[in-house]
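The structure appears below as structure tokens.
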Amino acid sequence: MTTRIDRRFAALKDEGRAALVTFFTAGDPDHATSLAILKAAPAAGADVVELGMPFTDPMADGPAVQASSLRALEAGQTLHKTLDLVRAFRIGDRDTPIVLMGYYNPIYIYGVDRFLTDALSGGVDGLIVVDLPPEEDDELCVPALKAGLNFIRLTTPTTDDKRLPAVLANTSGFVYYVSITGITGAATPEFGRVAQAVARIKRHTDLPIAVGFGVKNAEHAREIAQGADGVVVGSALVEAVRTSLDADGKATAKTVPAVSDLIASLAAGVRGARVKQARTSAANPKFATQLPRVGSRTSGSKRH
Amino acid sequence: MTVQQQPNTFRAGPDERGHFGIYGGRFVAETLMPLILELEKAYAAAKDDPAFQAEMGGYLTHYVGRPSPLYFAERLTEHCGGAKIYFKRDELNHTGAHKVNNVLGQIMLARRMGKKRIIAETGAGQHGVATATLCARFGLECIVYMGAVDVERQKPNVFRMNMLGAEVIPVQSGSRTLKDAMNEALRDWVTNVETTFYCIGTVAGPHPYPMMVRDFQSIIGRETREQMLAAEGRLPDSLIACIGGGSNAMGLFHPFLDDRSIEIYGVEAAGHGLSTGLHAASITGGRPGVLHGNRTYLLMDDDGQIKEAHSISAGLDYPGIGPEHSWLNDSGRVTYLSATDEEALTAFQLCCKLEGIIPALEPAHALAKVTELAPKKPKDHLMVMNMCGRGDKDIFTVADHLGSRLG
């Protein structure tokens with residue numbers, strides 16, 4: 001069975017480039033603005049959208065994502081509303097994969113079965129739940145896979161070759177390699193080490209490998225995209241939300257364009273990563289026609 | 001919750017995956033998982049190593065000052081007019097609370113594992129002080145995360161930690177209390193995973209912490225058993241202890257869990273009162289959820305967002321409880337009660353006046369329930385309360401509430 005995620009990564013592989021995976025928090029800074037950010041993302045260059053399910057105690061996240069979660073919660077975001085957001089997005093976009101990312105407790109309280117039913121019918125494609133390691137697969141991972149959702153697992157620098165098979169066993173969609181030992185948005189990864197780690201994981205799996213944590217700008221994205229199948233950017237995007245807000249923390253006319261423009265710049269980074277290879281490897285007309293898509297950012301952001 | 005069928009023993013848990021019934025587990029980020037498995041192995045080896053146990057025993061005797069006395073609280077007994085009340089005097093330990101029992105064990109384990117950097121979270125500051133103390137003793141780097149609100153209300157302990165060479169980092173995120181300190185400690189651990197040992201202060205967190213901390217604290221109950229047999233020629237009839245995360249309570253309770261005739265009471269903090277919503281009573285006022293590496297009773301809203309706890313006592317100001325307590329509650333073996341800020345303050349003053357002991361505000365919650373339960377018991381009923389900390393650190397808080405000024 002192929003999913004939207006499988007299809008998207010396969011298509012990009014044919015294009016000869018990595019995916020840009022963008023993270024923002026559902027409901028940040030408010031539900032309506034969040035939906036506008038979400039709707040503008042694909043046109044701006046996001047290939048896969050990761051939507052954070054806000055939680056009061058995001059243990060693996062740095063200050064930027066923590067603050068973003070709190071903004072969303074203060075604006076009244078709930079897991080219900082996050083699923084509503086996906087449903088509203090799906091009306092206009094049948095192709096862009098959506099991955100929900102967060103912590104287990106809100107899902108546990110929503111009810112696992114009910115959550116899976118609602119997520120699937122709403123158009124969610126995959127889940128990343130930070131505090132569910134393979135040791136707790138019976139909780140959500142196994143039921144999610146059975147229901148037809150992808151369960152995307154984080155692998156980290158501490159996941160050695162001995163442990164990797166266990167971590168990869170129930171992983172689907174793609175593998176999310178955490179480039180640093182640390183929290184989101186903290187240190188900048190060492191690109192050489194990341195490339196080695198990606199190569200190491202590739203020996204264990206045929207799944208696409210996306211790399212995240214600490215990717216802050218187009219240059220970082222370009223570096224990572226040379227070897228990885230996807231680049232995940234989160235903290236930088238939620239920071240773009242924060243800096244666009246007014247003194248009372250409310251969205252302004254700048255909020256949606258701020259995020260879209262950063263996505264466009266990151267997309268340019270990702271798409272520029274393998275230009276050399278693309279040019280030397282005979283003609284790749286598909287890739288060439290894809291490039292101008294970056295330019296669509298202006299129309300994408302203006303729409304809202 | 002419905003009472004489950006009673007197991008053959010209450011002392012066998014957790015299972016190999018760290019579960020006490022449906023509670024416990026290992027709900028942590030992948031970065032930490034290999035470390036937690038390594039810790040589990042290292043602890044299993046140390047536990048069975050007579051040299052480790054002997055070394056720990058030596059420090060418990062000569063550095064901590066164990067065994068702590070089992071003291072007959074004669075005037076409180078007369079005042080209540082019922083059960084014969086004993087205090088297990090863990091407030092007489094070096095550093096003034098039961099926390100040191102656990103920290104000693106974990107620091108010795110950290111040394112065995114070759115870790116030189118120790119991090120800890122603290123609420124009241126007692127666990128932070130104990131960790132800072134043992135890090136000083138063994139020459140280890142010590143970083144203590146403490147909610148900014150707690151830093152403010154527990155100044156004497158912050159000063160103590162600084163004197164002992166620890167770095168105290170005030171945590172500004174969330175409610176700026178114990179749960180946020182724990183989040184921040186976990187973030188530090190994820191970042192510095194190779195060099196760092198996380199010394200958790202209570203019977204919570206991912207497996208093996210709830211089991212390991214309980215084992216280290218169980219010396220309280222083992223001593224109580226022997227001491228009560230020596231004093232009265234029989235086991236006690238009831239045990240009572242306060243519960244934040246619940247380590248002092250687990251330490252007292254665990255060796256007695258299979259003595260089914262013994263009544264066991266845990267006392268949570270009811271803050272301003274359960275009906276106000278401003279409390280820290282996870283079992284009485286919460287429901288099962290997943291936080292900080294384990295499934296357990298938690299205070300939360302309908303969306304699964306964690307609520308802030310409220311208690312006059314910083315050490316009880318946590319929206320969760322150790323997973324073994326959740327299981328003991330559902331199985332019906334332990335009865336969980338709660339005491340309000342006011343009740344604790346009244347008991348605090350009573351204890352000062354009748355026994356010449358200034359209790360910490362944490363055990364003052366247990367004491368409040370002692371004064372309720374003891375009068376209803378016959379005079380030959382033997383009741384043990386864990387006096388798990390001394391109240392020097394709380395004098396400013398108490399003075400504030402009683403409207404008097406210090407200094």
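Residue numbering restarts at 1 for every chain of the structure tokens, chains are lettered A, B, ... in their displayed order, and ligands are numbered from 1 as they appear.
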
Residues near Pro97 in chain A, cut-off 9 Å, only C-alpha atoms, skip fewer than 4 positions along chain, as an NGL selection string: :A and (3-5 or 8 or 47-50 or 123-126)

Output file for the residues above (N, CA, C and O atoms, as an mmCIF file, in the first residue's frame):
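Once written, selection34.cif looks like this:
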```cif
data_model
loop_
_atom_site.group_PDB
_atom_site.id
_atom_site.type_symbol
_atom_site.label_atom_id
_atom_site.label_comp_id
_atom_site.auth_asym_id
_atom_site.auth_seq_id
_atom_site.Cartn_x
_atom_site.Cartn_y
_atom_site.Cartn_z
ATOM 1 N N THR A 3 1.322 5.359 0.348
ATOM 2 C CA THR A 3 0.649 6.490 0.982
ATOM 3 C C THR A 3 1.092 7.759 0.264
ATOM 4 O O THR A 3 1.994 7.726 -0.575
ATOM 5 N N ARG A 4 0.452 8.856 0.640
ATOM 6 C CA ARG A 4 0.865 10.149 0.062
ATOM 7 C C ARG A 4 2.345 10.402 0.302
ATOM 8 O O ARG A 4 3.030 10.959 -0.540
ATOM 9 N N ILE A 5 2.813 9.974 1.481
ATOM 10 C CA ILE A 5 4.226 10.203 1.815
ATOM 11 C C ILE A 5 5.118 9.394 0.874
ATOM 12 O O ILE A 5 6.084 9.926 0.310
ATOM 13 N N ARG A 8 5.068 10.956 -2.570
ATOM 14 C CA ARG A 8 5.793 12.221 -2.668
ATOM 15 C C ARG A 8 7.307 11.987 -2.703
ATOM 16 O O ARG A 8 8.021 12.555 -3.516
ATOM 17 N N ASP A 47 7.360 20.393 0.626
ATOM 18 C CA ASP A 47 6.973 19.141 -0.022
ATOM 19 C C ASP A 47 6.181 18.240 0.926
ATOM 20 O O ASP A 47 5.339 17.459 0.497
ATOM 21 N N VAL A 48 6.505 18.318 2.197
ATOM 22 C CA VAL A 48 5.796 17.560 3.231
ATOM 23 C C VAL A 48 5.559 18.528 4.372
ATOM 24 O O VAL A 48 6.438 19.335 4.695
ATOM 25 N N VAL A 49 4.360 18.478 4.954
ATOM 26 C CA VAL A 49 4.079 19.382 6.067
ATOM 27 C C VAL A 49 3.986 18.588 7.360
ATOM 28 O O VAL A 49 3.261 17.602 7.455
ATOM 29 N N GLU A 50 4.785 19.050 8.336
ATOM 30 C CA GLU A 50 4.710 18.481 9.676
ATOM 31 C C GLU A 50 3.960 19.487 10.521
ATOM 32 O O GLU A 50 4.352 20.654 10.596
ATOM 33 N N GLY A 123 -7.493 13.222 6.733
ATOM 34 C CA GLY A 123 -6.456 13.395 5.717
ATOM 35 C C GLY A 123 -5.037 13.457 6.251
ATOM 36 O O GLY A 123 -4.128 13.940 5.590
ATOM 37 N N VAL A 124 -4.838 12.948 7.466
ATOM 38 C CA VAL A 124 -3.485 12.851 8.021
ATOM 39 C C VAL A 124 -2.805 11.634 7.388
ATOM 40 O O VAL A 124 -3.444 10.612 7.147
ATOM 41 N N ASP A 125 -1.496 11.762 7.123
ATOM 42 C CA ASP A 125 -0.775 10.662 6.480
ATOM 43 C C ASP A 125 0.182 9.933 7.401
ATOM 44 O O ASP A 125 0.451 8.746 7.207
ATOM 45 N N GLY A 126 0.736 10.636 8.356
ATOM 46 C CA GLY A 126 1.723 9.999 9.217
ATOM 47 C C GLY A 126 1.759 10.626 10.593
ATOM 48 O O GLY A 126 1.201 11.711 10.819
#
```

Provide as number ranges by chain the residues of chain B at most 10 Å from chain A, counting only C-alpha atoms. B: 17, 25-35, 173-175, 179-180, 182-194, 287-295, 300-308

Please produce an output containing N, CA and C atoms for each residue in the selection, written as a CSV table (one decimal), in the first residue's frame.
```csv
chain,number,residue,atom,x,y,z
B,17,ARG,N,9.5,-4.7,31.4
B,17,ARG,CA,9.3,-3.5,30.6
B,17,ARG,C,9.0,-2.3,31.5
B,25,GLY,N,6.5,2.2,32.6
B,25,GLY,CA,6.9,2.2,31.1
B,25,GLY,C,8.1,3.1,30.9
B,26,ARG,N,8.4,3.3,29.6
B,26,ARG,CA,9.5,4.0,29.1
B,26,ARG,C,9.2,5.0,28.0
B,27,PHE,N,8.5,6.0,28.4
B,27,PHE,CA,8.0,7.0,27.4
B,27,PHE,C,8.9,8.1,27.2
B,28,VAL,N,10.1,7.8,26.5
B,28,VAL,CA,11.1,8.9,26.4
B,28,VAL,C,11.5,9.0,24.9
B,29,ALA,N,12.2,10.1,24.6
B,29,ALA,CA,12.7,10.3,23.2
B,29,ALA,C,13.8,9.3,22.9
B,30,GLU,N,13.9,8.9,21.7
B,30,GLU,CA,14.9,7.9,21.2
B,30,GLU,C,16.3,8.2,21.7
B,31,THR,N,16.7,9.5,21.7
B,31,THR,CA,18.0,9.8,22.1
B,31,THR,C,18.3,9.2,23.5
B,32,LEU,N,17.3,9.2,24.4
B,32,LEU,CA,17.6,8.8,25.8
B,32,LEU,C,17.5,7.2,25.9
B,33,MET,N,16.8,6.6,25.0
B,33,MET,CA,16.5,5.2,25.1
B,33,MET,C,17.7,4.3,25.3
B,34,PRO,N,18.7,4.5,24.5
B,34,PRO,CA,19.9,3.6,24.7
B,34,PRO,C,20.5,3.8,26.1
B,35,LEU,N,20.5,5.1,26.6
B,35,LEU,CA,21.0,5.4,27.9
B,35,LEU,C,20.2,4.7,29.0
B,173,SER,N,10.4,28.4,32.2
B,173,SER,CA,9.3,27.9,31.3
B,173,SER,C,8.1,27.4,32.1
B,174,GLY,N,7.0,27.3,31.4
B,174,GLY,CA,5.7,26.8,31.9
B,174,GLY,C,5.3,27.4,33.2
B,175,SER,N,5.0,26.6,34.2
B,175,SER,CA,4.5,27.1,35.5
B,175,SER,C,5.7,27.4,36.5
B,179,LYS,N,7.6,20.5,37.7
B,179,LYS,CA,7.4,19.8,36.5
B,179,LYS,C,8.3,20.4,35.4
B,180,ASP,N,8.4,21.7,35.4
B,180,ASP,CA,9.2,22.4,34.4
B,180,ASP,C,10.6,22.2,34.6
B,182,MET,N,11.8,19.4,35.7
B,182,MET,CA,12.0,18.1,35.2
B,182,MET,C,12.1,18.1,33.7
B,183,ASN,N,11.3,18.9,33.0
B,183,ASN,CA,11.4,19.1,31.6
B,183,ASN,C,12.7,19.6,31.2
B,184,GLU,N,13.2,20.6,31.9
B,184,GLU,CA,14.5,21.2,31.6
B,184,GLU,C,15.7,20.3,31.8
B,185,ALA,N,15.5,19.5,32.9
B,185,ALA,CA,16.6,18.5,33.2
B,185,ALA,C,16.6,17.4,32.1
B,186,LEU,N,15.4,17.0,31.6
B,186,LEU,CA,15.4,16.1,30.5
B,186,LEU,C,16.0,16.6,29.2
B,187,ARG,N,15.8,17.9,29.0
B,187,ARG,CA,16.4,18.6,27.8
B,187,ARG,C,17.9,18.6,27.9
B,188,ASP,N,18.4,18.9,29.1
B,188,ASP,CA,19.8,18.9,29.4
B,188,ASP,C,20.4,17.5,29.1
B,189,TRP,N,19.6,16.5,29.6
B,189,TRP,CA,20.1,15.1,29.5
B,189,TRP,C,20.2,14.7,28.0
B,190,VAL,N,19.2,15.1,27.2
B,190,VAL,CA,19.1,14.7,25.8
B,190,VAL,C,20.4,15.4,25.1
B,191,THR,N,20.7,16.6,25.6
B,191,THR,CA,21.8,17.3,24.9
B,191,THR,C,23.2,16.8,25.3
B,192,ASN,N,23.3,16.4,26.6
B,192,ASN,CA,24.6,16.0,27.1
B,192,ASN,C,24.7,14.5,27.5
B,193,VAL,N,24.0,13.7,26.7
B,193,VAL,CA,23.7,12.3,27.1
B,193,VAL,C,24.9,11.5,27.3
B,194,GLU,N,26.0,11.7,26.6
B,194,GLU,CA,27.2,10.9,26.8
B,194,GLU,C,27.9,11.0,28.1
B,287,ARG,N,-6.3,11.8,36.6
B,287,ARG,CA,-6.6,10.5,36.0
B,287,ARG,C,-5.3,10.1,35.2
B,288,PRO,N,-5.3,8.8,34.8
B,288,PRO,CA,-4.1,8.3,34.2
B,288,PRO,C,-3.7,9.0,32.8
B,289,GLY,N,-2.5,9.2,32.7
B,289,GLY,CA,-1.9,9.8,31.5
B,289,GLY,C,-0.4,9.5,31.4
B,290,VAL,N,0.2,10.2,30.4
B,290,VAL,CA,1.6,9.9,30.2
B,290,VAL,C,2.4,11.2,30.2
B,291,LEU,N,3.4,11.2,31.1
B,291,LEU,CA,4.3,12.4,31.3
B,291,LEU,C,5.6,12.0,31.9
B,292,HIS,N,6.7,12.7,31.5
B,292,HIS,CA,8.0,12.4,32.1
B,292,HIS,C,8.4,11.0,32.1
B,293,GLY,N,8.1,10.3,31.0
B,293,GLY,CA,8.6,8.9,30.9
B,293,GLY,C,7.7,7.8,31.4
B,294,ASN,N,6.6,8.1,32.1
B,294,ASN,CA,5.8,7.0,32.6
B,294,ASN,C,4.3,7.4,32.5
B,295,ARG,N,3.5,6.3,32.5
B,295,ARG,CA,2.1,6.4,32.6
B,295,ARG,C,1.7,6.4,34.1
B,300,MET,N,-4.6,17.0,34.6
B,300,MET,CA,-4.7,17.5,33.3
B,300,MET,C,-6.1,18.0,32.9
B,301,ASP,N,-6.2,18.7,31.7
B,301,ASP,CA,-7.5,19.1,31.3
B,301,ASP,C,-8.0,18.0,30.3
B,302,ASP,N,-9.2,18.3,29.7
B,302,ASP,CA,-9.8,17.3,28.8
B,302,ASP,C,-9.1,17.1,27.5
B,303,ASP,N,-8.1,18.0,27.2
B,303,ASP,CA,-7.3,17.9,26.0
B,303,ASP,C,-6.0,17.2,26.3
B,304,GLY,N,-5.8,16.7,27.5
B,304,GLY,CA,-4.6,16.0,27.8
B,304,GLY,C,-3.4,17.0,28.1
B,305,GLN,N,-3.7,18.3,28.3
B,305,GLN,CA,-2.7,19.3,28.6
B,305,GLN,C,-2.5,19.3,30.1
B,306,ILE,N,-1.2,19.2,30.6
B,306,ILE,CA,-0.9,19.1,32.0
B,306,ILE,C,-1.3,20.4,32.7
B,307,LYS,N,-1.9,20.2,33.8
B,307,LYS,CA,-2.3,21.4,34.6
B,307,LYS,C,-1.2,21.7,35.7
B,308,GLU,N,-1.2,22.9,36.1
B,308,GLU,CA,-0.3,23.3,37.1
B,308,GLU,C,-0.8,22.8,38.5
```

Set the distance at 6 Å and use only C-alpha atoms: which residues neighbour Ser68 in chain B once local chain neighbours fewer than 2 positions away are removed? I'd like the list as an MDAnalysis selection string. chainID B and resid 66 89:90

Write a file of the selected residues as a PDB file, in the first residue's frame, keeping C-alpha atoms.
```pdb
ATOM      1  CA  ARG B  66      21.482   5.835  59.449  1.00  0.00           C
ATOM      2  CA  ARG B  89      12.895  10.321  61.918  1.00  0.00           C
ATOM      3  CA  ASP B  90      14.270  10.649  58.396  1.00  0.00           C
TER       4      ASP B  90
END
```

Based on DSSP run over this structure's backbone, return all residues of range 310-389 of chain B in alpha helix (DSSP H), as a PyMOL selection string. chain B and resi 323-330+341-355+361-373

Nearest residue to Leu39 in chain B from the set B:Phe138, B:Phe197, B:Phe72, B:Tyr86 (distances using only C-alpha atoms):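 Using only C-alpha atoms, Leu39 in chain B sits closest to B:Phe197.
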
Strand (DSSP E or B) residues, from DSSP on the backbone, in range 51-300 of chain A, as a ChimeraX atom specification: /A:51-52,98-102,126-129,150-151,154-155,175-178,209-212,230-233

Å distance separating CA of Gly273 in chain B from CA of Thr340 in chain B, one decimal place: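 For CA of Gly273 in chain B relative to CA of Thr340 in chain B, the distance reads 5.7 Å.
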
Identify, on the basis of only C-alpha atoms, every residue whose closest approach to Leu145 in chain A does not exceed 10 Å; exclude the query and any residue fewer than 5 positions from it along the same chain; express the result as an MDAnalysis selection string. chainID A and resid 116 126:127 140 150:151 170:172

Counting only C-alpha atoms, figure out which residue out of B:Leu337, B:Ile243, B:Leu109, B:Leu402 gets nearest to Cys388 in chain B.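 Among the listed residues, B:Ile243 lies closest to Cys388 in chain B.
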
Could you name the residues that touch Leu140 in chain B at 10 Å or less, counting only C-alpha atoms, but leaving out those on the same chain fewer than 5 positions away, as a list in words? Ile107, Ala110, Arg111, Lys115, Lys116, Arg117, Ile118, Thr131, Ala132, Thr133, Leu134, Cys135, Gly165 and Ala166 of chain B

Closest to Glu226 in chain B among B:Asn248, B:Leu164, B:Pro323, B:Phe256, using only C-alpha atoms?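 Checking each candidate against Glu226 in chain B, we get B:Phe256 as the closest.
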
Selected residue of minimal separation from Met113 in chain B among B:Gln217, B:Asn162, B:Thr195, B:Ser282, counting only C-alpha atoms: B:Thr195

Write out as a list in words which residues come within 8 Å of Arg71 in chain A when counting only C-alpha atoms, dropping same-chain ones fewer than 5 positions away.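 Result of the neighbour search: Gly27, Asp28, Pro29 and Asp30 of chain A.
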